[in-house]
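What follows is the content of query31.pdb (PDB, C-alpha atoms).
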ATOM      1  CA  MET V   1     177.538 111.178-136.426  1.00  0.00           C
ATOM      2  CA  GLU V   2     177.800 109.357-133.099  1.00  0.00           C
ATOM      3  CA  LEU V   3     179.717 106.502-134.749  1.00  0.00           C
ATOM      4  CA  ARG V   4     182.154 109.003-136.274  1.00  0.00           C
ATOM      5  CA  GLU V   5     182.810 110.610-132.910  1.00  0.00           C
ATOM      6  CA  ARG V   6     183.271 107.240-131.253  1.00  0.00           C
ATOM      7  CA  VAL V   7     185.724 105.821-133.797  1.00  0.00           C
ATOM      8  CA  ARG V   8     187.911 108.896-134.318  1.00  0.00           C
ATOM      9  CA  PRO V   9     190.143 108.353-131.236  1.00  0.00           C
ATOM     10  CA  VAL V  10     190.760 104.743-132.281  1.00  0.00           C
ATOM     11  CA  LEU V  11     191.569 105.792-135.861  1.00  0.00           C
ATOM     12  CA  ARG V  12     194.002 108.453-134.611  1.00  0.00           C
ATOM     13  CA  SER V  13     195.716 105.867-132.456  1.00  0.00           C
ATOM     14  CA  LEU V  14     195.843 103.426-135.370  1.00  0.00           C
ATOM     15  CA  VAL V  15     197.346 106.055-137.691  1.00  0.00           C
ATOM     16  CA  GLY V  16     199.930 106.874-135.023  1.00  0.00           C
ATOM     17  CA  GLU V  17     200.843 103.206-134.704  1.00  0.00           C
ATOM     18  CA  VAL V  18     201.048 102.222-138.379  1.00  0.00           C
ATOM     19  CA  ASN V  19     201.698 105.648-139.953  1.00  0.00           C
ATOM     20  CA  GLU V  20     199.126 105.006-142.681  1.00  0.00           C
ATOM     21  CA  ALA V  21     195.647 106.410-143.412  1.00  0.00           C
ATOM     22  CA  ALA V  22     192.855 104.715-141.454  1.00  0.00           C
ATOM     23  CA  SER V  23     189.121 104.571-142.126  1.00  0.00           C
ATOM     24  CA  VAL V  24     185.853 103.147-140.895  1.00  0.00           C
ATOM     25  CA  GLY V  25     183.135 102.241-143.354  1.00  0.00           C
ATOM     26  CA  VAL V  26     179.684 100.689-143.358  1.00  0.00           C
ATOM     27  CA  LEU V  27     177.975  98.488-145.914  1.00  0.00           C
ATOM     28  CA  ASP V  28     175.262 100.212-147.939  1.00  0.00           C
ATOM     29  CA  GLY V  29     173.852  98.016-150.672  1.00  0.00           C
ATOM     30  CA  PRO V  30     176.682  96.956-152.995  1.00  0.00           C
ATOM     31  CA  ASP V  31     179.088  99.571-151.593  1.00  0.00           C
ATOM     32  CA  ALA V  32     181.202 100.340-148.581  1.00  0.00           C
ATOM     33  CA  VAL V  33     180.678 103.945-147.497  1.00  0.00           C
ATOM     34  CA  TYR V  34     183.342 105.828-145.564  1.00  0.00           C
ATOM     35  CA  VAL V  35     181.943 107.197-142.299  1.00  0.00           C
ATOM     36  CA  GLU V  36     185.242 108.406-140.825  1.00  0.00           C
ATOM     37  CA  ARG V  37     188.795 108.774-142.041  1.00  0.00           C
ATOM     38  CA  VAL V  38     192.091 109.944-140.612  1.00  0.00           C
ATOM     39  CA  GLN V  39     194.615 110.878-143.278  1.00  0.00           C
ATOM     40  CA  ALA V  40     198.313 110.121-143.263  1.00  0.00           C
ATOM     41  CA  GLY V  41     199.617 111.813-146.392  1.00  0.00           C
ATOM     42  CA  MET V  42     197.474 110.014-148.989  1.00  0.00           C
ATOM     43  CA  VAL V  43     196.334 113.212-150.734  1.00  0.00           C
ATOM     44  CA  ARG V  44     199.827 113.696-152.155  1.00  0.00           C
ATOM     45  CA  LEU V  45     199.381 110.338-153.907  1.00  0.00           C
ATOM     46  CA  GLY V  46     196.278 111.579-155.692  1.00  0.00           C
ATOM     47  CA  VAL V  47     193.905 109.766-153.348  1.00  0.00           C
ATOM     48  CA  ASP V  48     191.097 111.966-152.101  1.00  0.00           C
ATOM     49  CA  VAL V  49     188.705 109.731-150.189  1.00  0.00           C
ATOM     50  CA  ARG V  50     186.294 111.658-147.989  1.00  0.00           C
ATOM     51  CA  VAL V  51     183.564 110.797-145.530  1.00  0.00           C
ATOM     52  CA  GLY V  52     180.610 109.729-147.661  1.00  0.00           C
ATOM     53  CA  SER V  53     182.763 108.351-150.503  1.00  0.00           C
ATOM     54  CA  ARG V  54     181.553 105.001-151.828  1.00  0.00           C
ATOM     55  CA  ILE V  55     183.642 102.067-153.052  1.00  0.00           C
ATOM     56  CA  PRO V  56     182.483  98.697-154.375  1.00  0.00           C
ATOM     57  CA  ALA V  57     182.219  96.128-151.581  1.00  0.00           C
ATOM     58  CA  TYR V  58     183.248  93.197-153.827  1.00  0.00           C
ATOM     59  CA  CYS V  59     186.822  94.455-154.283  1.00  0.00           C
ATOM     60  CA  SER V  60     187.533  96.796-151.363  1.00  0.00           C
ATOM     61  CA  ALA V  61     189.101  95.772-148.072  1.00  0.00           C
ATOM     62  CA  LEU V  62     186.335  97.528-146.139  1.00  0.00           C
ATOM     63  CA  GLY V  63     183.616  95.824-148.161  1.00  0.00           C
ATOM     64  CA  LEU V  64     185.146  92.356-148.162  1.00  0.00           C
ATOM     65  CA  ALA V  65     185.730  92.489-144.396  1.00  0.00           C
ATOM     66  CA  MET V  66     182.012  93.099-143.849  1.00  0.00           C
ATOM     67  CA  LEU V  67     180.740  90.746-146.582  1.00  0.00           C
ATOM     68  CA  ALA V  68     182.755  87.853-145.137  1.00  0.00           C
ATOM     69  CA  PHE V  69     180.743  87.929-141.941  1.00  0.00           C
ATOM     70  CA  LEU V  70     177.313  87.995-143.561  1.00  0.00           C
ATOM     71  CA  PRO V  71     175.368  84.755-144.107  1.00  0.00           C
ATOM     72  CA  ARG V  72     176.243  83.205-147.478  1.00  0.00           C
ATOM     73  CA  ALA V  73     172.819  83.990-148.991  1.00  0.00           C
ATOM     74  CA  GLU V  74     173.185  87.649-147.997  1.00  0.00           C
ATOM     75  CA  GLN V  75     176.712  87.731-149.480  1.00  0.00           C
ATOM     76  CA  ALA V  76     175.316  86.443-152.776  1.00  0.00           C
ATOM     77  CA  ARG V  77     172.483  88.986-152.712  1.00  0.00           C
ATOM     78  CA  VAL V  78     174.863  91.908-152.120  1.00  0.00           C
ATOM     79  CA  LEU V  79     177.270  90.685-154.799  1.00  0.00           C
ATOM     80  CA  ASP V  80     174.385  90.635-157.293  1.00  0.00           C
ATOM     81  CA  LEU V  81     173.127  94.169-156.504  1.00  0.00           C
ATOM     82  CA  ALA V  82     175.409  95.880-159.033  1.00  0.00           C
ATOM     83  CA  PRO V  83     177.700  94.851-161.891  1.00  0.00           C
ATOM     84  CA  ARG V  84     181.172  93.819-160.782  1.00  0.00           C
ATOM     85  CA  VAL V  85     183.562  95.872-162.900  1.00  0.00           C
ATOM     86  CA  ARG V  86     187.311  95.341-163.247  1.00  0.00           C
ATOM     87  CA  LEU V  87     188.749  98.620-161.850  1.00  0.00           C
ATOM     88  CA  THR V  88     192.400  97.577-162.219  1.00  0.00           C
ATOM     89  CA  PRO V  89     194.056  94.495-163.750  1.00  0.00           C
ATOM     90  CA  ARG V  90     194.026  92.955-160.232  1.00  0.00           C
ATOM     91  CA  THR V  91     190.305  93.408-159.511  1.00  0.00           C
ATOM     92  CA  VAL V  92     188.559  90.079-158.920  1.00  0.00           C
ATOM     93  CA  ILE V  93     185.063  90.113-160.433  1.00  0.00           C
ATOM     94  CA  ASP V  94     184.119  86.412-160.582  1.00  0.00           C
ATOM     95  CA  LYS V  95     181.439  85.744-157.960  1.00  0.00           C
ATOM     96  CA  ARG V  96     182.735  82.269-157.087  1.00  0.00           C
ATOM     97  CA  GLU V  97     186.276  83.573-156.616  1.00  0.00           C
ATOM     98  CA  ILE V  98     184.997  86.378-154.395  1.00  0.00           C
ATOM     99  CA  GLN V  99     182.940  83.949-152.294  1.00  0.00           C
ATOM    100  CA  ALA V 100     185.943  81.634-151.874  1.00  0.00           C
ATOM    101  CA  ARG V 101     187.971  84.650-150.789  1.00  0.00           C
ATOM    102  CA  LEU V 102     185.273  85.613-148.273  1.00  0.00           C
ATOM    103  CA  ALA V 103     185.561  82.194-146.616  1.00  0.00           C
ATOM    104  CA  GLY V 104     189.303  82.826-146.138  1.00  0.00           C
ATOM    105  CA  VAL V 105     188.635  86.312-144.773  1.00  0.00           C
ATOM    106  CA  ARG V 106     186.207  84.856-142.250  1.00  0.00           C
ATOM    107  CA  ARG V 107     188.839  82.356-141.076  1.00  0.00           C
ATOM    108  CA  ALA V 108     191.633  84.962-140.850  1.00  0.00           C
ATOM    109  CA  GLY V 109     189.506  87.735-139.385  1.00  0.00           C
ATOM    110  CA  TYR V 110     190.880  90.311-141.804  1.00  0.00           C
ATOM    111  CA  VAL V 111     191.447  90.885-145.514  1.00  0.00           C
ATOM    112  CA  ALA V 112     194.285  92.450-147.490  1.00  0.00           C
ATOM    113  CA  VAL V 113     193.753  93.798-151.001  1.00  0.00           C
ATOM    114  CA  ASP V 114     196.578  94.780-153.304  1.00  0.00           C
ATOM    115  CA  GLN V 115     195.863  97.348-156.037  1.00  0.00           C
ATOM    116  CA  GLU V 116     192.341  96.053-156.674  1.00  0.00           C
ATOM    117  CA  ILE V 117     190.614  99.441-156.592  1.00  0.00           C
ATOM    118  CA  THR V 118     193.505 101.825-157.214  1.00  0.00           C
ATOM    119  CA  SER V 119     196.831 100.923-158.774  1.00  0.00           C
ATOM    120  CA  GLY V 120     199.652 101.701-156.378  1.00  0.00           C
ATOM    121  CA  LEU V 121     197.633 101.220-153.170  1.00  0.00           C
ATOM    122  CA  ARG V 122     197.010  98.296-150.868  1.00  0.00           C
ATOM    123  CA  ALA V 123     194.656  98.043-147.906  1.00  0.00           C
ATOM    124  CA  LEU V 124     193.955  95.796-144.957  1.00  0.00           C
ATOM    125  CA  ALA V 125     190.621  95.728-143.105  1.00  0.00           C
ATOM    126  CA  ALA V 126     188.881  93.905-140.282  1.00  0.00           C
ATOM    127  CA  PRO V 127     185.177  93.810-139.471  1.00  0.00           C
ATOM    128  CA  ILE V 128     183.630  95.490-136.466  1.00  0.00           C
ATOM    129  CA  LEU V 129     181.197  92.857-135.212  1.00  0.00           C
ATOM    130  CA  ASP V 130     178.182  93.035-132.909  1.00  0.00           C
ATOM    131  CA  LEU V 131     177.570  90.516-130.101  1.00  0.00           C
ATOM    132  CA  ASP V 132     176.053  88.062-132.593  1.00  0.00           C
ATOM    133  CA  GLY V 133     179.072  88.239-134.917  1.00  0.00           C
ATOM    134  CA  HIS V 134     177.224  90.357-137.499  1.00  0.00           C
ATOM    135  CA  PRO V 135     179.254  93.135-139.164  1.00  0.00           C
ATOM    136  CA  ILE V 136     178.357  96.645-138.023  1.00  0.00           C
ATOM    137  CA  ALA V 137     181.202  98.298-139.942  1.00  0.00           C
ATOM    138  CA  ALA V 138     184.862  97.708-140.792  1.00  0.00           C
ATOM    139  CA  VAL V 139     188.134  99.469-140.080  1.00  0.00           C
ATOM    140  CA  SER V 140     190.987  99.675-142.592  1.00  0.00           C
ATOM    141  CA  VAL V 141     194.418 101.072-143.285  1.00  0.00           C
ATOM    142  CA  VAL V 142     195.708 102.008-146.732  1.00  0.00           C
ATOM    143  CA  ALA V 143     199.307 102.390-147.869  1.00  0.00           C
ATOM    144  CA  PRO V 144     201.188 102.974-151.117  1.00  0.00           C
ATOM    145  CA  VAL V 145     202.754  99.809-152.539  1.00  0.00           C
ATOM    146  CA  ILE V 146     206.117 101.557-152.900  1.00  0.00           C
ATOM    147  CA  ARG V 147     206.424 101.844-149.120  1.00  0.00           C
ATOM    148  CA  MET V 148     206.917  98.126-148.437  1.00  0.00           C
ATOM    149  CA  PRO V 149     206.284  94.633-149.827  1.00  0.00           C
ATOM    150  CA  ALA V 150     202.779  93.190-149.388  1.00  0.00           C
ATOM    151  CA  ASP V 151     203.821  90.592-146.796  1.00  0.00           C
ATOM    152  CA  GLU V 152     205.508  93.244-144.658  1.00  0.00           C
ATOM    153  CA  PHE V 153     202.418  95.469-144.940  1.00  0.00           C
ATOM    154  CA  VAL V 154     200.229  92.633-143.639  1.00  0.00           C
ATOM    155  CA  LYS V 155     202.710  91.765-140.885  1.00  0.00           C
ATOM    156  CA  ARG V 156     202.874  95.414-139.746  1.00  0.00           C
ATOM    157  CA  THR V 157     199.178  96.263-139.933  1.00  0.00           C
ATOM    158  CA  ALA V 158     197.064  93.146-139.250  1.00  0.00           C
ATOM    159  CA  ALA V 159     197.409  93.105-135.446  1.00  0.00           C
ATOM    160  CA  PRO V 160     196.802  96.863-134.985  1.00  0.00           C
ATOM    161  CA  VAL V 161     193.771  96.797-137.321  1.00  0.00           C
ATOM    162  CA  LEU V 162     192.306  93.766-135.527  1.00  0.00           C
ATOM    163  CA  ALA V 163     192.873  95.491-132.159  1.00  0.00           C
ATOM    164  CA  ALA V 164     191.165  98.652-133.440  1.00  0.00           C
ATOM    165  CA  ALA V 165     188.181  96.623-134.702  1.00  0.00           C
ATOM    166  CA  ARG V 166     187.842  94.904-131.313  1.00  0.00           C
ATOM    167  CA  ALA V 167     188.117  98.214-129.430  1.00  0.00           C
ATOM    168  CA  ILE V 168     185.427  99.834-131.550  1.00  0.00           C
ATOM    169  CA  ALA V 169     183.141  96.788-131.311  1.00  0.00           C
ATOM    170  CA  LYS V 170     183.540  96.595-127.551  1.00  0.00           C
ATOM    171  CA  ALA V 171     182.723 100.266-127.124  1.00  0.00           C
ATOM    172  CA  ILE V 172     179.693 100.075-129.404  1.00  0.00           C
ATOM    173  CA  GLN V 173     178.437  96.953-127.624  1.00  0.00           C
ATOM    174  CA  ALA V 174     178.916  98.559-124.213  1.00  0.00           C
ATOM    175  CA  GLY V 175     177.386 101.827-125.392  1.00  0.00           C
ATOM    176  CA  GLY V 176     180.199 103.724-123.745  1.00  0.00           C
ATOM    177  CA  ALA V 177     183.225 105.724-124.767  1.00  0.00           C
ATOM    178  CA  ILE V 178     185.769 104.242-127.131  1.00  0.00           C
ATOM    179  CA  ALA V 179     189.268 103.930-125.746  1.00  0.00           C
ATOM    180  CA  ALA V 180     192.269 103.624-128.021  1.00  0.00           C
ATOM    181  CA  PRO V 181     193.579 100.030-128.099  1.00  0.00           C
ATOM    182  CA  ALA V 182     196.798  99.267-126.264  1.00  0.00           C
ATOM    183  CA  ALA V 183     199.831  98.893-128.532  1.00  0.00           C
ATOM    184  CA  ALA V 184     200.561  95.273-129.369  1.00  0.00           C
TER     185      ALA V 184
END

In structure tokens, write the structure found in this file.
Amino acid sequence: MELRERVRPVLRSLVGEVNEAASVGVLDGPDAVYVERVQAGMVRLGVDVRVGSRIPAYCSALGLAMLAFLPRAEQARVLDLAPRVRLTPRTVIDKREIQARLAGVRRAGYVAVDQEITSGLRALAAPILDLDGHPIAAVSVVAPVIRMPADEFVKRTAAPVLAAARAIAKAIQAGGAIAAPAAA
């Protein structure tokens, strides 16, 4: 509950900046679990993600952002906890492909997924890291693919999502209040 209260102002600011739904999730076994969400019109698209909803970590932006910052052995263990099922034609289920992707996510600091869980939606997420660089949670934005091309989505959302992740991490590390990140 405390995490939810702390991240909500940052999510509201993020939604105001990118005009897309924003969420924070944590890793729980093979899944990412939503702990807070600020909507931006996604219900009209038939998307009804609520706090407590679970999505597979291996193909979700939230999950991949966190998995990328785990030690490789822990990544492998989490990826083996449950069957990897193809949810859409774009879902990557091959363990080696996912692990190669995680290395790229770690280098970039964020991950973008395009219609891998739900056709018609793309997401971008960044990890919220503790002082040791271990993922505590992740923050993401989700948008319909019809709104803009994938490269424009990444260009528009990567910096604000990274700033939100840093703001949340800093506040959690300091144990104080979370301030909304300054607009980039």

Evaluate the PyMOL selection byres ((chain V and resi 89) around 10) here and jot the selected residues down as a PDB file with C-alpha atoms, keeping the file's coordinate frame.
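Resulting contents of expr-v3.pdb:
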ATOM      1  CA  ARG V  86     187.311  95.341-163.247  1.00  0.00           C
ATOM      2  CA  LEU V  87     188.749  98.620-161.850  1.00  0.00           C
ATOM      3  CA  THR V  88     192.400  97.577-162.219  1.00  0.00           C
ATOM      4  CA  ARG V  90     194.026  92.955-160.232  1.00  0.00           C
ATOM      5  CA  THR V  91     190.305  93.408-159.511  1.00  0.00           C
ATOM      6  CA  VAL V  92     188.559  90.079-158.920  1.00  0.00           C
ATOM      7  CA  GLN V 115     195.863  97.348-156.037  1.00  0.00           C
ATOM      8  CA  GLU V 116     192.341  96.053-156.674  1.00  0.00           C
ATOM      9  CA  ILE V 117     190.614  99.441-156.592  1.00  0.00           C
ATOM     10  CA  THR V 118     193.505 101.825-157.214  1.00  0.00           C
ATOM     11  CA  SER V 119     196.831 100.923-158.774  1.00  0.00           C
TER      12      SER V 119
END

**Report entry** Residues returned when the PyMOL selection byres ((chain V and resi 132-141) around 9) runs on this file, as a PyMOL selection string
**Finding:** chain V and resi 11+14-15+18+20-27+32+61-63+65-71+122-131+142-143+157+161-162+164-165+168-169

Query raised in the report: For V:Gln99, which residue out of V:Ala112, V:Val51, V:Ala150, V:Ala73 is the nearest one, using all atoms listed in the file?
Result: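 Closest residue, counting all atoms listed in the file: V:Ala73.
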
Requested in this report: Work out how far apart atom CA of V:Ile98 and atom CA of V:Ala158 are and give it in Å to one decimal.
Outcome: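 According to the coordinates, atom CA of V:Ile98 and atom CA of V:Ala158 are separated by 20.5 Å.
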
Query raised in the report: Which residue gives the smallest distance to V:Glu17 among V:Arg166, V:Leu79, V:Gln173, V:Arg156, with all atoms listed in the file counted?
Result: V:Arg156

Requested in this report: Counting all atoms listed in the file, figure out which residue out of V:Leu121, V:Val49, V:Val35, V:Pro160 gets nearest to V:Arg147.
Outcome: V:Leu121

Give me stretch 107-123 of chain V with N, CA, C and O atoms filled in, as a PDB file, keeping the file's coordinate frame.
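File written: out16.pdb
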ATOM      1  N   ARG V 107     187.906  83.151-141.892  1.00  0.00           N
ATOM      2  CA  ARG V 107     188.839  82.356-141.076  1.00  0.00           C
ATOM      3  C   ARG V 107     189.944  83.231-140.488  1.00  0.00           C
ATOM      4  O   ARG V 107     190.284  83.102-139.318  1.00  0.00           O
ATOM      5  N   ALA V 108     190.512  84.128-141.292  1.00  0.00           N
ATOM      6  CA  ALA V 108     191.633  84.962-140.850  1.00  0.00           C
ATOM      7  C   ALA V 108     191.181  86.099-139.938  1.00  0.00           C
ATOM      8  O   ALA V 108     191.942  86.550-139.077  1.00  0.00           O
ATOM      9  N   GLY V 109     189.986  86.608-140.167  1.00  0.00           N
ATOM     10  CA  GLY V 109     189.506  87.735-139.385  1.00  0.00           C
ATOM     11  C   GLY V 109     189.828  89.089-139.994  1.00  0.00           C
ATOM     12  O   GLY V 109     189.423  90.118-139.469  1.00  0.00           O
ATOM     13  N   TYR V 110     190.550  89.073-141.104  1.00  0.00           N
ATOM     14  CA  TYR V 110     190.880  90.311-141.804  1.00  0.00           C
ATOM     15  C   TYR V 110     191.099  89.992-143.274  1.00  0.00           C
ATOM     16  O   TYR V 110     191.206  88.831-143.670  1.00  0.00           O
ATOM     17  N   VAL V 111     191.185  91.042-144.086  1.00  0.00           N
ATOM     18  CA  VAL V 111     191.447  90.885-145.514  1.00  0.00           C
ATOM     19  C   VAL V 111     192.463  91.927-145.961  1.00  0.00           C
ATOM     20  O   VAL V 111     192.447  93.063-145.496  1.00  0.00           O
ATOM     21  N   ALA V 112     193.348  91.521-146.854  1.00  0.00           N
ATOM     22  CA  ALA V 112     194.285  92.450-147.490  1.00  0.00           C
ATOM     23  C   ALA V 112     193.976  92.469-148.982  1.00  0.00           C
ATOM     24  O   ALA V 112     193.751  91.416-149.583  1.00  0.00           O
ATOM     25  N   VAL V 113     193.919  93.654-149.560  1.00  0.00           N
ATOM     26  CA  VAL V 113     193.753  93.798-151.001  1.00  0.00           C
ATOM     27  C   VAL V 113     194.946  94.570-151.536  1.00  0.00           C
ATOM     28  O   VAL V 113     195.472  95.460-150.871  1.00  0.00           O
ATOM     29  N   ASP V 114     195.368  94.195-152.725  1.00  0.00           N
ATOM     30  CA  ASP V 114     196.578  94.780-153.304  1.00  0.00           C
ATOM     31  C   ASP V 114     196.263  95.333-154.691  1.00  0.00           C
ATOM     32  O   ASP V 114     196.138  94.570-155.644  1.00  0.00           O
ATOM     33  N   GLN V 115     196.071  96.638-154.776  1.00  0.00           N
ATOM     34  CA  GLN V 115     195.863  97.348-156.037  1.00  0.00           C
ATOM     35  C   GLN V 115     194.615  96.870-156.776  1.00  0.00           C
ATOM     36  O   GLN V 115     194.591  96.832-157.992  1.00  0.00           O
ATOM     37  N   GLU V 116     193.560  96.537-156.047  1.00  0.00           N
ATOM     38  CA  GLU V 116     192.341  96.053-156.674  1.00  0.00           C
ATOM     39  C   GLU V 116     191.362  97.175-157.003  1.00  0.00           C
ATOM     40  O   GLU V 116     190.530  97.018-157.888  1.00  0.00           O
ATOM     41  N   ILE V 117     191.460  98.287-156.290  1.00  0.00           N
ATOM     42  CA  ILE V 117     190.614  99.441-156.592  1.00  0.00           C
ATOM     43  C   ILE V 117     191.433 100.546-157.237  1.00  0.00           C
ATOM     44  O   ILE V 117     191.011 101.170-158.196  1.00  0.00           O
ATOM     45  N   THR V 118     192.618 100.776-156.707  1.00  0.00           N
ATOM     46  CA  THR V 118     193.505 101.825-157.214  1.00  0.00           C
ATOM     47  C   THR V 118     194.902 101.259-157.372  1.00  0.00           C
ATOM     48  O   THR V 118     195.466 100.727-156.415  1.00  0.00           O
ATOM     49  N   SER V 119     195.455 101.363-158.557  1.00  0.00           N
ATOM     50  CA  SER V 119     196.831 100.923-158.774  1.00  0.00           C
ATOM     51  C   SER V 119     197.747 101.731-157.864  1.00  0.00           C
ATOM     52  O   SER V 119     197.572 102.934-157.697  1.00  0.00           O
ATOM     53  N   GLY V 120     198.687 101.034-157.247  1.00  0.00           N
ATOM     54  CA  GLY V 120     199.652 101.701-156.378  1.00  0.00           C
ATOM     55  C   GLY V 120     199.271 101.731-154.911  1.00  0.00           C
ATOM     56  O   GLY V 120     200.041 102.207-154.088  1.00  0.00           O
ATOM     57  N   LEU V 121     198.071 101.222-154.571  1.00  0.00           N
ATOM     58  CA  LEU V 121     197.633 101.220-153.170  1.00  0.00           C
ATOM     59  C   LEU V 121     197.214  99.825-152.730  1.00  0.00           C
ATOM     60  O   LEU V 121     196.619  99.077-153.491  1.00  0.00           O
ATOM     61  N   ARG V 122     197.509  99.526-151.477  1.00  0.00           N
ATOM     62  CA  ARG V 122     197.010  98.296-150.868  1.00  0.00           C
ATOM     63  C   ARG V 122     196.327  98.655-149.563  1.00  0.00           C
ATOM     64  O   ARG V 122     196.596  99.709-148.981  1.00  0.00           O
ATOM     65  N   ALA V 123     195.420  97.781-149.117  1.00  0.00           N
ATOM     66  CA  ALA V 123     194.656  98.043-147.906  1.00  0.00           C
ATOM     67  C   ALA V 123     194.475  96.753-147.123  1.00  0.00           C
ATOM     68  O   ALA V 123     194.520  95.653-147.677  1.00  0.00           O
TER      69      ALA V 123
END
